[in-house]
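Dumped work.pdb below, it's PDB, C-alpha atoms:
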ATOM      1  CA  MET G   1      37.826  -0.594 -48.668
ATOM      2  CA  CYS G   2      37.919  -2.930 -45.630
ATOM      3  CA  LEU G   3      37.481  -0.002 -43.245
ATOM      4  CA  LEU G   4      34.514   1.281 -45.237
ATOM      5  CA  PHE G   5      32.964  -2.183 -45.136
ATOM      6  CA  GLU G   6      33.317  -2.338 -41.337
ATOM      7  CA  ILE G   7      31.667   1.066 -40.962
ATOM      8  CA  MET G   8      28.777  -0.003 -43.170
ATOM      9  CA  LYS G   9      28.273  -3.143 -41.064
ATOM     10  CA  GLU G  10      28.162  -1.230 -37.794
ATOM     11  CA  PRO G  11      24.563  -1.155 -36.458
ATOM     12  CA  LYS G  12      22.815   2.170 -36.276
ATOM     13  CA  GLN G  13      22.797   3.677 -32.798
ATOM     14  CA  ARG G  14      19.310   3.920 -31.230
ATOM     15  CA  ILE G  15      18.611   7.415 -29.975
ATOM     16  CA  TRP G  16      16.152   8.018 -27.137
ATOM     17  CA  LEU G  17      14.434  11.308 -26.368
ATOM     18  CA  GLU G  18      15.135  12.736 -22.919
ATOM     19  CA  ILE G  19      12.327  15.029 -21.778
ATOM     20  CA  SER G  20      12.416  17.258 -18.707
ATOM     21  CA  VAL G  21      10.339  19.928 -17.014
ATOM     22  CA  VAL G  22      10.919  22.083 -13.946
ATOM     23  CA  VAL G  23       7.919  22.052 -11.587
ATOM     24  CA  PRO G  24       7.044  23.273  -8.098
ATOM     25  CA  ALA G  25       8.238  20.720  -5.530
ATOM     26  CA  GLU G  26       4.703  19.813  -4.422
ATOM     27  CA  LEU G  27       3.923  18.647  -7.991
ATOM     28  CA  SER G  28       7.093  16.620  -8.557
ATOM     29  CA  ASP G  29       5.622  13.251  -7.482
ATOM     30  CA  ALA G  30       2.509  13.719  -9.613
ATOM     31  CA  VAL G  31       4.519  14.710 -12.703
ATOM     32  CA  ALA G  32       7.039  11.888 -12.137
ATOM     33  CA  ASN G  33       4.197   9.356 -11.860
ATOM     34  CA  PHE G  34       2.591  10.736 -15.007
ATOM     35  CA  PHE G  35       5.879  10.354 -16.921
ATOM     36  CA  VAL G  36       6.292   6.766 -15.699
ATOM     37  CA  GLU G  37       2.718   5.769 -16.494
ATOM     38  CA  THR G  38       2.724   7.460 -19.899
ATOM     39  CA  THR G  39       6.112   6.250 -21.137
ATOM     40  CA  GLY G  40       6.520   2.968 -19.256
ATOM     41  CA  HIS G  41      10.090   3.979 -18.349
ATOM     42  CA  GLY G  42      11.722   5.340 -15.236
ATOM     43  CA  VAL G  43      12.318   8.966 -14.350
ATOM     44  CA  LYS G  44      14.712  10.941 -12.205
ATOM     45  CA  CYS G  45      14.033  13.989 -10.019
ATOM     46  CA  GLU G  46      16.590  16.633  -9.104
ATOM     47  CA  ASP G  47      16.288  19.707  -6.907
ATOM     48  CA  VAL G  48      17.061  22.956  -8.714
ATOM     49  CA  GLU G  49      17.935  26.430  -7.514
ATOM     50  CA  PRO G  50      14.948  28.060  -5.787
ATOM     51  CA  HIS G  51      12.804  30.515  -7.686
ATOM     52  CA  PRO G  52      13.501  34.177  -6.827
ATOM     53  CA  GLU G  53      10.252  34.218  -4.797
ATOM     54  CA  GLY G  54      11.541  31.273  -2.777
ATOM     55  CA  THR G  55       9.474  28.487  -4.402
ATOM     56  CA  LEU G  56      11.222  25.118  -4.225
ATOM     57  CA  LEU G  57      11.592  23.646  -7.698
ATOM     58  CA  VAL G  58      12.291  20.118  -8.952
ATOM     59  CA  LYS G  59      13.442  19.032 -12.400
ATOM     60  CA  VAL G  60      11.608  15.880 -13.521
ATOM     61  CA  THR G  61      13.250  13.950 -16.365
ATOM     62  CA  GLY G  62      11.687  11.113 -18.345
ATOM     63  CA  TYR G  63      12.543   9.097 -21.453
ATOM     64  CA  LEU G  64      10.843   8.152 -24.704
ATOM     65  CA  ALA G  65      12.104   5.185 -26.723
ATOM     66  CA  PRO G  66      12.849   5.878 -30.414
ATOM     67  CA  GLU G  67       9.598   4.225 -31.507
ATOM     68  CA  GLN G  68       7.600   6.115 -28.837
ATOM     69  CA  ALA G  69       9.009   9.469 -29.930
ATOM     70  CA  GLU G  70       7.251   8.967 -33.264
ATOM     71  CA  THR G  71       3.808   8.395 -31.690
ATOM     72  CA  GLY G  72       1.313  10.797 -30.123
ATOM     73  CA  LEU G  73       2.668  10.319 -26.600
ATOM     74  CA  ILE G  74       4.571  13.603 -26.682
ATOM     75  CA  LYS G  75       1.300  15.425 -27.482
ATOM     76  CA  LYS G  76      -0.294  13.803 -24.440
ATOM     77  CA  ILE G  77       2.576  15.064 -22.271
ATOM     78  CA  TYR G  78       2.237  18.606 -23.648
ATOM     79  CA  ALA G  79      -1.528  18.502 -22.963
ATOM     80  CA  TYR G  80      -0.926  17.356 -19.384
ATOM     81  CA  LEU G  81       1.552  20.171 -18.741
ATOM     82  CA  ALA G  82      -0.857  22.678 -20.286
ATOM     83  CA  SER G  83      -3.547  21.528 -17.839
ATOM     84  CA  LEU G  84      -1.124  22.095 -14.957
ATOM     85  CA  GLU G  85      -0.406  25.590 -16.254
ATOM     86  CA  GLU G  86      -4.106  26.402 -15.949
ATOM     87  CA  LEU G  87      -3.996  25.370 -12.297
ATOM     88  CA  TYR G  88      -0.670  27.111 -11.629
ATOM     89  CA  PRO G  89      -0.704  30.177 -13.922
ATOM     90  CA  GLU G  90       2.244  31.717 -12.043
ATOM     91  CA  HIS G  91       4.560  28.883 -13.231
ATOM     92  CA  GLU G  92       5.643  28.087 -16.802
ATOM     93  CA  PHE G  93       5.657  24.323 -17.440
ATOM     94  CA  LYS G  94       8.165  24.308 -20.285
ATOM     95  CA  LEU G  95       9.088  20.901 -21.681
ATOM     96  CA  GLU G  96      12.739  20.581 -22.702
ATOM     97  CA  HIS G  97      13.938  17.663 -24.821
ATOM     98  CA  GLN G  98      17.202  16.386 -26.210
ATOM     99  CA  PRO G  99      18.500  13.204 -27.885
ATOM    100  CA  LEU G 100      20.129  10.582 -25.665
ATOM    101  CA  PRO G 101      22.247   7.639 -26.946
ATOM    102  CA  GLU G 102      20.838   4.328 -25.765
ATOM    103  CA  GLU G 103      23.834   3.303 -23.659
ATOM    104  CA  GLU G 104      23.423   6.491 -21.609
ATOM    105  CA  TRP G 105      19.685   5.914 -21.170
ATOM    106  CA  GLU G 106      20.260   2.400 -19.815
ATOM    107  CA  THR G 107      21.733   3.796 -16.599
ATOM    108  CA  ALA G 108      20.158   7.280 -16.446
ATOM    109  CA  TRP G 109      16.738   6.230 -15.116
ATOM    110  CA  GLN G 110      17.776   3.479 -12.694
ATOM    111  CA  VAL G 111      17.758   5.924  -9.788
ATOM    112  CA  TYR G 112      13.946   5.901  -9.869
ATOM    113  CA  PHE G 113      13.392   2.137 -10.170
ATOM    114  CA  LYS G 114      13.021   1.054  -6.529
ATOM    115  CA  PRO G 115      11.362  -2.049  -5.034
ATOM    116  CA  ILE G 116       7.572  -1.678  -5.195
ATOM    117  CA  LYS G 117       4.732  -3.779  -3.826
ATOM    118  CA  VAL G 118       1.934  -4.693  -6.220
ATOM    119  CA  GLY G 119      -1.236  -6.174  -4.807
ATOM    120  CA  LYS G 120      -0.959  -7.976  -1.470
ATOM    121  CA  ARG G 121       2.206 -10.051  -1.861
ATOM    122  CA  LEU G 122       4.041  -9.335  -5.104
ATOM    123  CA  VAL G 123       7.199  -7.247  -4.768
ATOM    124  CA  ILE G 124       9.051  -6.087  -7.892
ATOM    125  CA  LYS G 125      12.722  -5.537  -7.133
ATOM    126  CA  PRO G 126      15.415  -4.241  -9.504
ATOM    127  CA  SER G 127      18.438  -6.526  -9.601
ATOM    128  CA  TRP G 128      20.748  -3.774  -8.317
ATOM    129  CA  GLU G 129      18.685  -2.939  -5.203
ATOM    130  CA  ALA G 130      18.786  -4.739  -1.839
ATOM    131  CA  TYR G 131      15.450  -5.781  -0.328
ATOM    132  CA  VAL G 132      14.593  -7.681   2.859
ATOM    133  CA  PRO G 133      11.283  -9.484   2.197
ATOM    134  CA  GLU G 134       8.455 -10.023   4.635
ATOM    135  CA  PRO G 135       7.487 -13.703   5.190
ATOM    136  CA  GLU G 136       4.454 -13.442   2.858
ATOM    137  CA  ASP G 137       6.244 -11.537   0.068
ATOM    138  CA  ILE G 138       6.695 -13.023  -3.389
ATOM    139  CA  VAL G 139       9.757 -11.234  -4.747
ATOM    140  CA  ILE G 140      10.298 -10.828  -8.488
ATOM    141  CA  GLU G 141      13.768  -9.601  -9.426
ATOM    142  CA  ILE G 142      13.856  -7.692 -12.697
ATOM    143  CA  ASP G 143      16.539  -6.051 -14.795
ATOM    144  CA  PRO G 144      14.549  -4.419 -17.600
ATOM    145  CA  GLY G 145      17.482  -3.802 -19.931
ATOM    146  CA  ARG G 146      15.874  -2.556 -23.150
ATOM    147  CA  ALA G 147      12.528  -4.278 -22.609
ATOM    148  CA  PHE G 148       9.203  -3.019 -21.242
ATOM    149  CA  GLY G 149       7.871  -4.050 -17.834
ATOM    150  CA  THR G 150       8.984  -2.948 -14.373
ATOM    151  CA  GLY G 151       5.592  -3.093 -12.631
ATOM    152  CA  HIS G 152       5.280   0.701 -12.410
ATOM    153  CA  HIS G 153       3.142   1.131 -15.511
ATOM    154  CA  PRO G 154      -0.634   0.692 -14.924
ATOM    155  CA  SER G 155      -0.988  -1.765 -17.807
ATOM    156  CA  THR G 156       1.477  -4.042 -15.991
ATOM    157  CA  TYR G 157       0.342  -3.663 -12.406
ATOM    158  CA  LEU G 158      -3.347  -4.051 -13.292
ATOM    159  CA  ILE G 159      -2.587  -7.496 -14.747
ATOM    160  CA  LEU G 160      -0.298  -8.390 -11.819
ATOM    161  CA  GLU G 161      -3.039  -7.547  -9.317
ATOM    162  CA  THR G 162      -5.580  -9.635 -11.248
ATOM    163  CA  LEU G 163      -3.170 -12.562 -11.565
ATOM    164  CA  GLU G 164      -2.650 -12.534  -7.802
ATOM    165  CA  GLU G 165      -6.419 -12.459  -7.262
ATOM    166  CA  ILE G 166      -7.025 -15.440  -9.564
ATOM    167  CA  PHE G 167      -4.418 -17.540  -7.762
ATOM    168  CA  GLU G 168      -5.507 -16.357  -4.297
ATOM    169  CA  LYS G 169      -9.122 -17.372  -4.993
ATOM    170  CA  GLU G 170      -7.886 -20.686  -6.472
ATOM    171  CA  LEU G 171      -9.949 -20.125  -9.607
ATOM    172  CA  LEU G 172      -7.425 -22.268 -11.518
ATOM    173  CA  LYS G 173      -5.446 -25.281 -10.329
ATOM    174  CA  ASP G 174      -1.852 -25.735 -11.560
ATOM    175  CA  PRO G 175      -2.588 -23.751 -14.739
ATOM    176  CA  THR G 176      -0.531 -23.423 -17.861
ATOM    177  CA  MET G 177      -0.034 -19.883 -19.125
ATOM    178  CA  LEU G 178       0.811 -18.022 -22.322
ATOM    179  CA  ASP G 179       2.330 -14.538 -21.976
ATOM    180  CA  VAL G 180       2.048 -12.633 -25.264
ATOM    181  CA  GLY G 181       4.505  -9.740 -25.666
ATOM    182  CA  THR G 182       6.407 -10.731 -22.542
ATOM    183  CA  GLY G 183       8.896  -7.817 -22.528
ATOM    184  CA  THR G 184      10.979  -8.264 -19.362
ATOM    185  CA  GLY G 185       9.100 -11.469 -18.548
ATOM    186  CA  ILE G 186       7.540  -9.901 -15.465
ATOM    187  CA  LEU G 187       4.031 -11.355 -15.945
ATOM    188  CA  ALA G 188       5.358 -14.810 -16.808
ATOM    189  CA  ILE G 189       7.638 -14.829 -13.759
ATOM    190  CA  ALA G 190       4.842 -13.601 -11.480
ATOM    191  CA  ALA G 191       2.484 -16.349 -12.702
ATOM    192  CA  ALA G 192       5.134 -19.024 -12.163
ATOM    193  CA  LYS G 193       5.837 -17.790  -8.627
ATOM    194  CA  LEU G 194       2.110 -17.614  -7.856
ATOM    195  CA  GLY G 195       1.633 -21.250  -8.872
ATOM    196  CA  ALA G 196       1.445 -21.736 -12.656
ATOM    197  CA  ARG G 197       2.712 -25.162 -13.677
ATOM    198  CA  GLU G 198       4.264 -24.045 -16.967
ATOM    199  CA  VAL G 199       4.521 -20.693 -18.726
ATOM    200  CA  ILE G 200       5.284 -19.988 -22.369
ATOM    201  CA  ALA G 201       6.464 -16.397 -22.806
ATOM    202  CA  ILE G 202       6.711 -15.004 -26.333
ATOM    203  CA  ASP G 203       7.952 -11.741 -27.810
ATOM    204  CA  ILE G 204       8.707 -11.036 -31.464
ATOM    205  CA  ASP G 205      11.506  -8.659 -30.389
ATOM    206  CA  PRO G 206      14.659 -10.830 -30.010
ATOM    207  CA  GLU G 207      16.198  -8.274 -27.657
ATOM    208  CA  ALA G 208      13.179  -8.375 -25.329
ATOM    209  CA  ALA G 209      13.170 -12.180 -25.435
ATOM    210  CA  GLU G 210      16.826 -12.220 -24.371
ATOM    211  CA  VAL G 211      16.084  -9.845 -21.471
ATOM    212  CA  ALA G 212      13.177 -12.083 -20.419
ATOM    213  CA  ARG G 213      15.397 -15.196 -20.489
ATOM    214  CA  GLU G 214      17.931 -13.477 -18.258
ATOM    215  CA  ASN G 215      15.210 -12.484 -15.802
ATOM    216  CA  VAL G 216      13.797 -16.017 -15.781
ATOM    217  CA  LEU G 217      17.263 -17.340 -14.843
ATOM    218  CA  ARG G 218      17.657 -14.553 -12.274
ATOM    219  CA  ASN G 219      14.469 -15.811 -10.591
ATOM    220  CA  HIS G 220      15.489 -19.514 -10.832
ATOM    221  CA  LEU G 221      12.491 -20.416 -13.000
ATOM    222  CA  HIS G 222      14.233 -21.935 -16.026
ATOM    223  CA  ASP G 223      12.339 -25.211 -15.419
ATOM    224  CA  LYS G 224       8.894 -23.540 -15.509
ATOM    225  CA  VAL G 225       9.121 -20.496 -17.810
ATOM    226  CA  PHE G 226      10.153 -20.900 -21.441
ATOM    227  CA  VAL G 227      10.842 -17.834 -23.600
ATOM    228  CA  SER G 228      10.775 -17.733 -27.386
ATOM    229  CA  THR G 229      10.275 -15.423 -30.362
ATOM    230  CA  THR G 230       7.626 -17.745 -31.847
ATOM    231  CA  PRO G 231       4.712 -15.687 -33.261
ATOM    232  CA  VAL G 232       1.373 -16.340 -31.570
ATOM    233  CA  TRP G 233      -0.014 -17.583 -34.904
ATOM    234  CA  GLU G 234       2.384 -20.552 -34.755
ATOM    235  CA  ILE G 235       1.259 -21.721 -31.301
ATOM    236  CA  PHE G 236      -1.418 -24.422 -31.181
ATOM    237  CA  SER G 237      -1.656 -25.963 -27.693
ATOM    238  CA  GLY G 238      -4.283 -24.710 -25.233
ATOM    239  CA  PHE G 239      -3.652 -22.675 -22.074
ATOM    240  CA  ASP G 240      -5.593 -22.134 -18.853
ATOM    241  CA  LEU G 241      -4.380 -18.556 -18.573
ATOM    242  CA  ILE G 242      -3.365 -16.024 -21.220
ATOM    243  CA  CYS G 243      -1.901 -12.561 -20.563
ATOM    244  CA  ALA G 244      -1.352  -9.994 -23.298
ATOM    245  CA  ASN G 245      -0.066  -6.522 -22.435
ATOM    246  CA  ILE G 246       0.147  -5.044 -25.928
ATOM    247  CA  SER G 247      -1.660  -2.441 -28.064
ATOM    248  CA  ALA G 248      -5.414  -2.365 -28.669
ATOM    249  CA  TYR G 249      -4.808  -2.869 -32.396
ATOM    250  CA  GLU G 250      -2.837  -6.082 -31.786
ATOM    251  CA  LEU G 251      -5.361  -7.364 -29.233
ATOM    252  CA  GLU G 252      -8.192  -6.921 -31.717
ATOM    253  CA  LEU G 253      -6.168  -8.575 -34.466
ATOM    254  CA  MET G 254      -5.370 -11.563 -32.229
ATOM    255  CA  ALA G 255      -8.819 -11.934 -30.653
ATOM    256  CA  GLU G 256      -9.899 -15.112 -32.472
ATOM    257  CA  LYS G 257      -6.493 -16.742 -32.075
ATOM    258  CA  LEU G 258      -6.202 -15.994 -28.353
ATOM    259  CA  THR G 259      -9.760 -17.226 -27.736
ATOM    260  CA  GLU G 260      -8.965 -20.404 -29.653
ATOM    261  CA  LEU G 261      -5.864 -20.978 -27.497
ATOM    262  CA  LEU G 262      -7.768 -20.537 -24.223
ATOM    263  CA  ASN G 263      -8.926 -23.719 -22.482
ATOM    264  CA  SER G 264     -12.465 -24.069 -21.137
ATOM    265  CA  LYS G 265     -12.899 -22.177 -17.806
ATOM    266  CA  GLY G 266      -9.607 -20.405 -18.480
ATOM    267  CA  PHE G 267      -8.929 -16.684 -18.087
ATOM    268  CA  ILE G 268      -7.526 -14.157 -20.527
ATOM    269  CA  LEU G 269      -6.127 -10.858 -19.183
ATOM    270  CA  LEU G 270      -5.699  -7.972 -21.624
ATOM    271  CA  SER G 271      -4.033  -4.598 -21.066
ATOM    272  CA  GLY G 272      -1.893  -1.965 -22.779
ATOM    273  CA  PHE G 273      -4.737   0.278 -23.955
ATOM    274  CA  LEU G 274      -6.649   3.363 -22.818
ATOM    275  CA  LYS G 275     -10.239   3.474 -21.511
ATOM    276  CA  GLU G 276     -11.610   4.898 -24.779
ATOM    277  CA  GLU G 277     -10.299   1.800 -26.586
ATOM    278  CA  ALA G 278     -11.853  -0.640 -24.094
ATOM    279  CA  PRO G 279     -15.490  -0.744 -25.355
ATOM    280  CA  LYS G 280     -14.513  -1.928 -28.829
ATOM    281  CA  LEU G 281     -12.208  -4.604 -27.411
ATOM    282  CA  LYS G 282     -14.819  -5.723 -24.901
ATOM    283  CA  GLU G 283     -17.432  -6.078 -27.642
ATOM    284  CA  LYS G 284     -14.991  -8.087 -29.781
ATOM    285  CA  TYR G 285     -14.077 -10.611 -27.084
ATOM    286  CA  LEU G 286     -17.643 -10.960 -25.787
ATOM    287  CA  SER G 287     -18.779 -11.720 -29.349
ATOM    288  CA  LEU G 288     -16.412 -14.699 -29.321
ATOM    289  CA  GLY G 289     -18.317 -16.311 -26.447
ATOM    290  CA  LEU G 290     -16.186 -15.144 -23.531
ATOM    291  CA  LYS G 291     -17.620 -13.821 -20.257
ATOM    292  CA  LEU G 292     -16.331 -10.600 -18.700
ATOM    293  CA  TYR G 293     -14.644 -11.409 -15.382
ATOM    294  CA  ALA G 294     -13.283  -7.970 -14.471
ATOM    295  CA  GLU G 295     -12.665  -4.499 -15.886
ATOM    296  CA  LYS G 296     -10.169  -2.293 -14.057
ATOM    297  CA  ILE G 297      -8.912   1.253 -14.609
ATOM    298  CA  ASP G 298      -5.727   2.708 -13.166
ATOM    299  CA  ARG G 299      -6.327   4.420  -9.850
ATOM    300  CA  GLU G 300      -4.483   7.710 -10.392
ATOM    301  CA  PHE G 301      -5.206   8.927 -13.907
ATOM    302  CA  LYS G 302      -8.246   6.771 -14.753
ATOM    303  CA  GLU G 303      -6.952   6.129 -18.265
ATOM    304  CA  TRP G 304      -5.199   2.756 -18.614
ATOM    305  CA  THR G 305      -7.584  -0.226 -18.638
ATOM    306  CA  MET G 306      -7.414  -3.969 -18.037
ATOM    307  CA  LEU G 307     -10.049  -6.414 -19.265
ATOM    308  CA  ALA G 308     -10.261  -9.986 -17.942
ATOM    309  CA  PHE G 309     -12.477 -12.616 -19.585
ATOM    310  CA  GLN G 310     -13.308 -16.234 -18.793
ATOM    311  CA  LYS G 311     -14.126 -18.997 -21.258
ATOM    312  CA  THR G 312     -17.251 -20.747 -19.965
TER
END

Can you dump the structure from the file as structure tokens?
Amino acid sequence: MCLLFEIMKEPKQRIWLEISVVVPAELSDAVANFFVETTGHGVKCEDVEPHPEGTLLVKVTGYLAPEQAETGLIKKIYAYLASLEELYPEHEFKLEHQPLPEEEWETAWQVYFKPIKVGKRLVIKPSWEAYVPEPEDIVIEIDPGRAFGTGHHPSTYLILETLEEIFEKELLKDPTMLDVGTGTGILAIAAAKLGAREVIAIDIDPEAAEVARENVLRNHLHDKVFVSTTPVWEIFSGFDLICANISAYELELMAEKLTELLNSKGFILLSGFLKEEAPKLKEKYLSLGLKLYAEKIDREFKEWTMLAFQKT
């Protein structure tokens, strides 16, 4: 009976979906970037035996979280590969997939996560990689664990670039910031390093919040960045800057609350949605009296969008 009780208490193992496709070598970077931008997770690339005709081939492998595997993302990946097949009819872009226990996923993709520069000065560095910074670099060290946010995904880097611009132009002085859906804490940490006086980072996922706390400590910002699982509805103080990299549905649901929390002349940066979802969100936030400051679309695929508003 005791043994049965222990088995029943044991948490259910999260299973990821590992997806892979063999592509001509000249397409490997494009496919790898598409996987990263679509899933928000890393990928790995491996050379495979040459095609009988001598074509160099590369196997590109990506990962879908359990909750992502149940969405329409996989259909988007199939559609992308089908479009490549039209351009390269001599090659079959066959998507293979298999389940992957979470503990194996945690190390499988790290090969791809390398230091990257975002904007003019921000450098995102994984905790396991060495990096020698230039004098002007602002280095953010991240270990994503099981949370979202490495700087590779357009929804993240579009906000990072806009944050850097706001601080560079000195549009706010010693601002306070609220980061909604902080994930790894990357946006909160970037804001603190750029000059925010205090940052409140929230995420309803306790696991993500724990990852964010660890990254805050890793970047020596425990006196400026405070992480919690407090829902946004239970926050009442005002902020000069608000970032929210979450779904379009959540951003629409939170519109009145986020606008209420934004101080006069403050900025709110929204991302995590596709360009076809942007018009409805823009209309919603403009109707609340905000002014559009910037609208940006990812450079490569022209799909992911960032909207920035100011409260005048």

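For the pair CA of Pro89 (chain G) and CA of Cys45 (chain G), the separation is 22.2 Å.
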
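In this structure, CA of Leu100 (chain G) sits 5.0 Å away from CA of Trp16 (chain G).
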
**Item:** Picked residues, the PyMOL selection byres ((chain G and resi 279) around 12), expected as a VMD selection string
**Value:** chain G and resid 248 252 273 to 278 280 to 286 292 295 305 to 307

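Across the chains present, the PyMOL selection byres ((chain G and resi 116) around 10) applied to this file returns Phe113, Lys114, Pro115, Lys117, Val118, Gly119, Leu122, Val123, Ile124, Lys125, Pro126, Val139, Thr150, Gly151 and His152 of chain G.
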
**Request:** Would you kindly translate the PyMOL selection byres ((chain G and resi 167-175) around 7) into the concrete residues it picks from this file, as a PyMOL selection string?
**Result:** chain G and resi 163-166+176-177+194-197+240-241

Output for the residues just chosen: C-alpha atoms as a compact mmCIF listing (two decimals), in the frame of the given file:
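For reference, selection.txt as written:
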# COMPACT_ATOMS: atom_id res chain seq x y z
CA LEU G 163 -3.17 -12.56 -11.56
CA GLU G 164 -2.65 -12.53 -7.80
CA GLU G 165 -6.42 -12.46 -7.26
CA ILE G 166 -7.02 -15.44 -9.56
CA THR G 176 -0.53 -23.42 -17.86
CA MET G 177 -0.03 -19.88 -19.12
CA LEU G 194 2.11 -17.61 -7.86
CA GLY G 195 1.63 -21.25 -8.87
CA ALA G 196 1.44 -21.74 -12.66
CA ARG G 197 2.71 -25.16 -13.68
CA ASP G 240 -5.59 -22.13 -18.85
CA LEU G 241 -4.38 -18.56 -18.57

**Asked** What is the CA of Pro133 (chain G)-CA of Pro154 (chain G) distance in Å, reported with one decimal?
**Response**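 Spanning CA of Pro133 (chain G) to CA of Pro154 (chain G) is a straight-line distance of 23.2 Å.
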
Could you write region 210-230 of chain G of the block just shown to a file containing N, CA and C atoms, as a PDB file, in the first residue's frame?
ATOM      1  N   GLU G 210      10.765  30.842 -10.716  1.00  0.00           N
ATOM      2  CA  GLU G 210      11.987  30.356 -10.067  1.00  0.00           C
ATOM      3  C   GLU G 210      13.186  30.512 -10.995  1.00  0.00           C
ATOM      4  N   VAL G 211      12.991  30.208 -12.280  1.00  0.00           N
ATOM      5  CA  VAL G 211      14.066  30.397 -13.271  1.00  0.00           C
ATOM      6  C   VAL G 211      14.453  31.871 -13.340  1.00  0.00           C
ATOM      7  N   ALA G 212      13.452  32.754 -13.357  1.00  0.00           N
ATOM      8  CA  ALA G 212      13.725  34.196 -13.412  1.00  0.00           C
ATOM      9  C   ALA G 212      14.509  34.659 -12.191  1.00  0.00           C
ATOM     10  N   ARG G 213      14.130  34.174 -11.001  1.00  0.00           N
ATOM     11  CA  ARG G 213      14.870  34.548  -9.779  1.00  0.00           C
ATOM     12  C   ARG G 213      16.333  34.141  -9.874  1.00  0.00           C
ATOM     13  N   GLU G 214      16.567  32.939 -10.378  1.00  0.00           N
ATOM     14  CA  GLU G 214      17.947  32.463 -10.515  1.00  0.00           C
ATOM     15  C   GLU G 214      18.730  33.334 -11.486  1.00  0.00           C
ATOM     16  N   ASN G 215      18.081  33.749 -12.577  1.00  0.00           N
ATOM     17  CA  ASN G 215      18.767  34.603 -13.544  1.00  0.00           C
ATOM     18  C   ASN G 215      19.007  36.006 -13.005  1.00  0.00           C
ATOM     19  N   VAL G 216      18.090  36.505 -12.190  1.00  0.00           N
ATOM     20  CA  VAL G 216      18.292  37.803 -11.540  1.00  0.00           C
ATOM     21  C   VAL G 216      19.525  37.745 -10.637  1.00  0.00           C
ATOM     22  N   LEU G 217      19.645  36.685  -9.842  1.00  0.00           N
ATOM     23  CA  LEU G 217      20.825  36.512  -8.979  1.00  0.00           C
ATOM     24  C   LEU G 217      22.088  36.359  -9.820  1.00  0.00           C
ATOM     25  N   ARG G 218      21.982  35.618 -10.912  1.00  0.00           N
ATOM     26  CA  ARG G 218      23.132  35.384 -11.794  1.00  0.00           C
ATOM     27  C   ARG G 218      23.673  36.705 -12.345  1.00  0.00           C
ATOM     28  N   ASN G 219      22.767  37.686 -12.524  1.00  0.00           N
ATOM     29  CA  ASN G 219      23.162  38.986 -13.057  1.00  0.00           C
ATOM     30  C   ASN G 219      23.352  40.046 -11.961  1.00  0.00           C
ATOM     31  N   HIS G 220      23.353  39.606 -10.694  1.00  0.00           N
ATOM     32  CA  HIS G 220      23.618  40.492  -9.544  1.00  0.00           C
ATOM     33  C   HIS G 220      22.630  41.664  -9.475  1.00  0.00           C
ATOM     34  N   LEU G 221      21.346  41.365  -9.707  1.00  0.00           N
ATOM     35  CA  LEU G 221      20.336  42.416  -9.714  1.00  0.00           C
ATOM     36  C   LEU G 221      19.252  42.189  -8.659  1.00  0.00           C
ATOM     37  N   HIS G 222      19.575  41.431  -7.625  1.00  0.00           N
ATOM     38  CA  HIS G 222      18.577  41.096  -6.605  1.00  0.00           C
ATOM     39  C   HIS G 222      18.079  42.327  -5.846  1.00  0.00           C
ATOM     40  N   ASP G 223      18.806  43.455  -5.935  1.00  0.00           N
ATOM     41  CA  ASP G 223      18.376  44.675  -5.251  1.00  0.00           C
ATOM     42  C   ASP G 223      17.525  45.580  -6.151  1.00  0.00           C
ATOM     43  N   LYS G 224      17.350  45.195  -7.426  1.00  0.00           N
ATOM     44  CA  LYS G 224      16.581  46.026  -8.353  1.00  0.00           C
ATOM     45  C   LYS G 224      15.413  45.295  -9.013  1.00  0.00           C
ATOM     46  N   VAL G 225      15.542  43.965  -9.164  1.00  0.00           N
ATOM     47  CA  VAL G 225      14.514  43.181  -9.851  1.00  0.00           C
ATOM     48  C   VAL G 225      13.870  42.215  -8.862  1.00  0.00           C
ATOM     49  N   PHE G 226      12.558  42.274  -8.762  1.00  0.00           N
ATOM     50  CA  PHE G 226      11.831  41.458  -7.790  1.00  0.00           C
ATOM     51  C   PHE G 226      10.808  40.592  -8.535  1.00  0.00           C
ATOM     52  N   VAL G 227      10.929  39.285  -8.362  1.00  0.00           N
ATOM     53  CA  VAL G 227      10.107  38.323  -9.107  1.00  0.00           C
ATOM     54  C   VAL G 227       9.026  37.746  -8.211  1.00  0.00           C
ATOM     55  N   SER G 228       7.819  37.622  -8.754  1.00  0.00           N
ATOM     56  CA  SER G 228       6.742  37.005  -7.973  1.00  0.00           C
ATOM     57  C   SER G 228       5.735  36.337  -8.902  1.00  0.00           C
ATOM     58  N   THR G 229       4.857  35.541  -8.315  1.00  0.00           N
ATOM     59  CA  THR G 229       3.773  34.896  -9.061  1.00  0.00           C
ATOM     60  C   THR G 229       2.451  35.652  -8.858  1.00  0.00           C
ATOM     61  N   THR G 230       2.527  36.883  -8.367  1.00  0.00           N
ATOM     62  CA  THR G 230       1.328  37.693  -8.162  1.00  0.00           C
ATOM     63  C   THR G 230       0.619  37.950  -9.491  1.00  0.00           C
TER      64      THR G 230
END
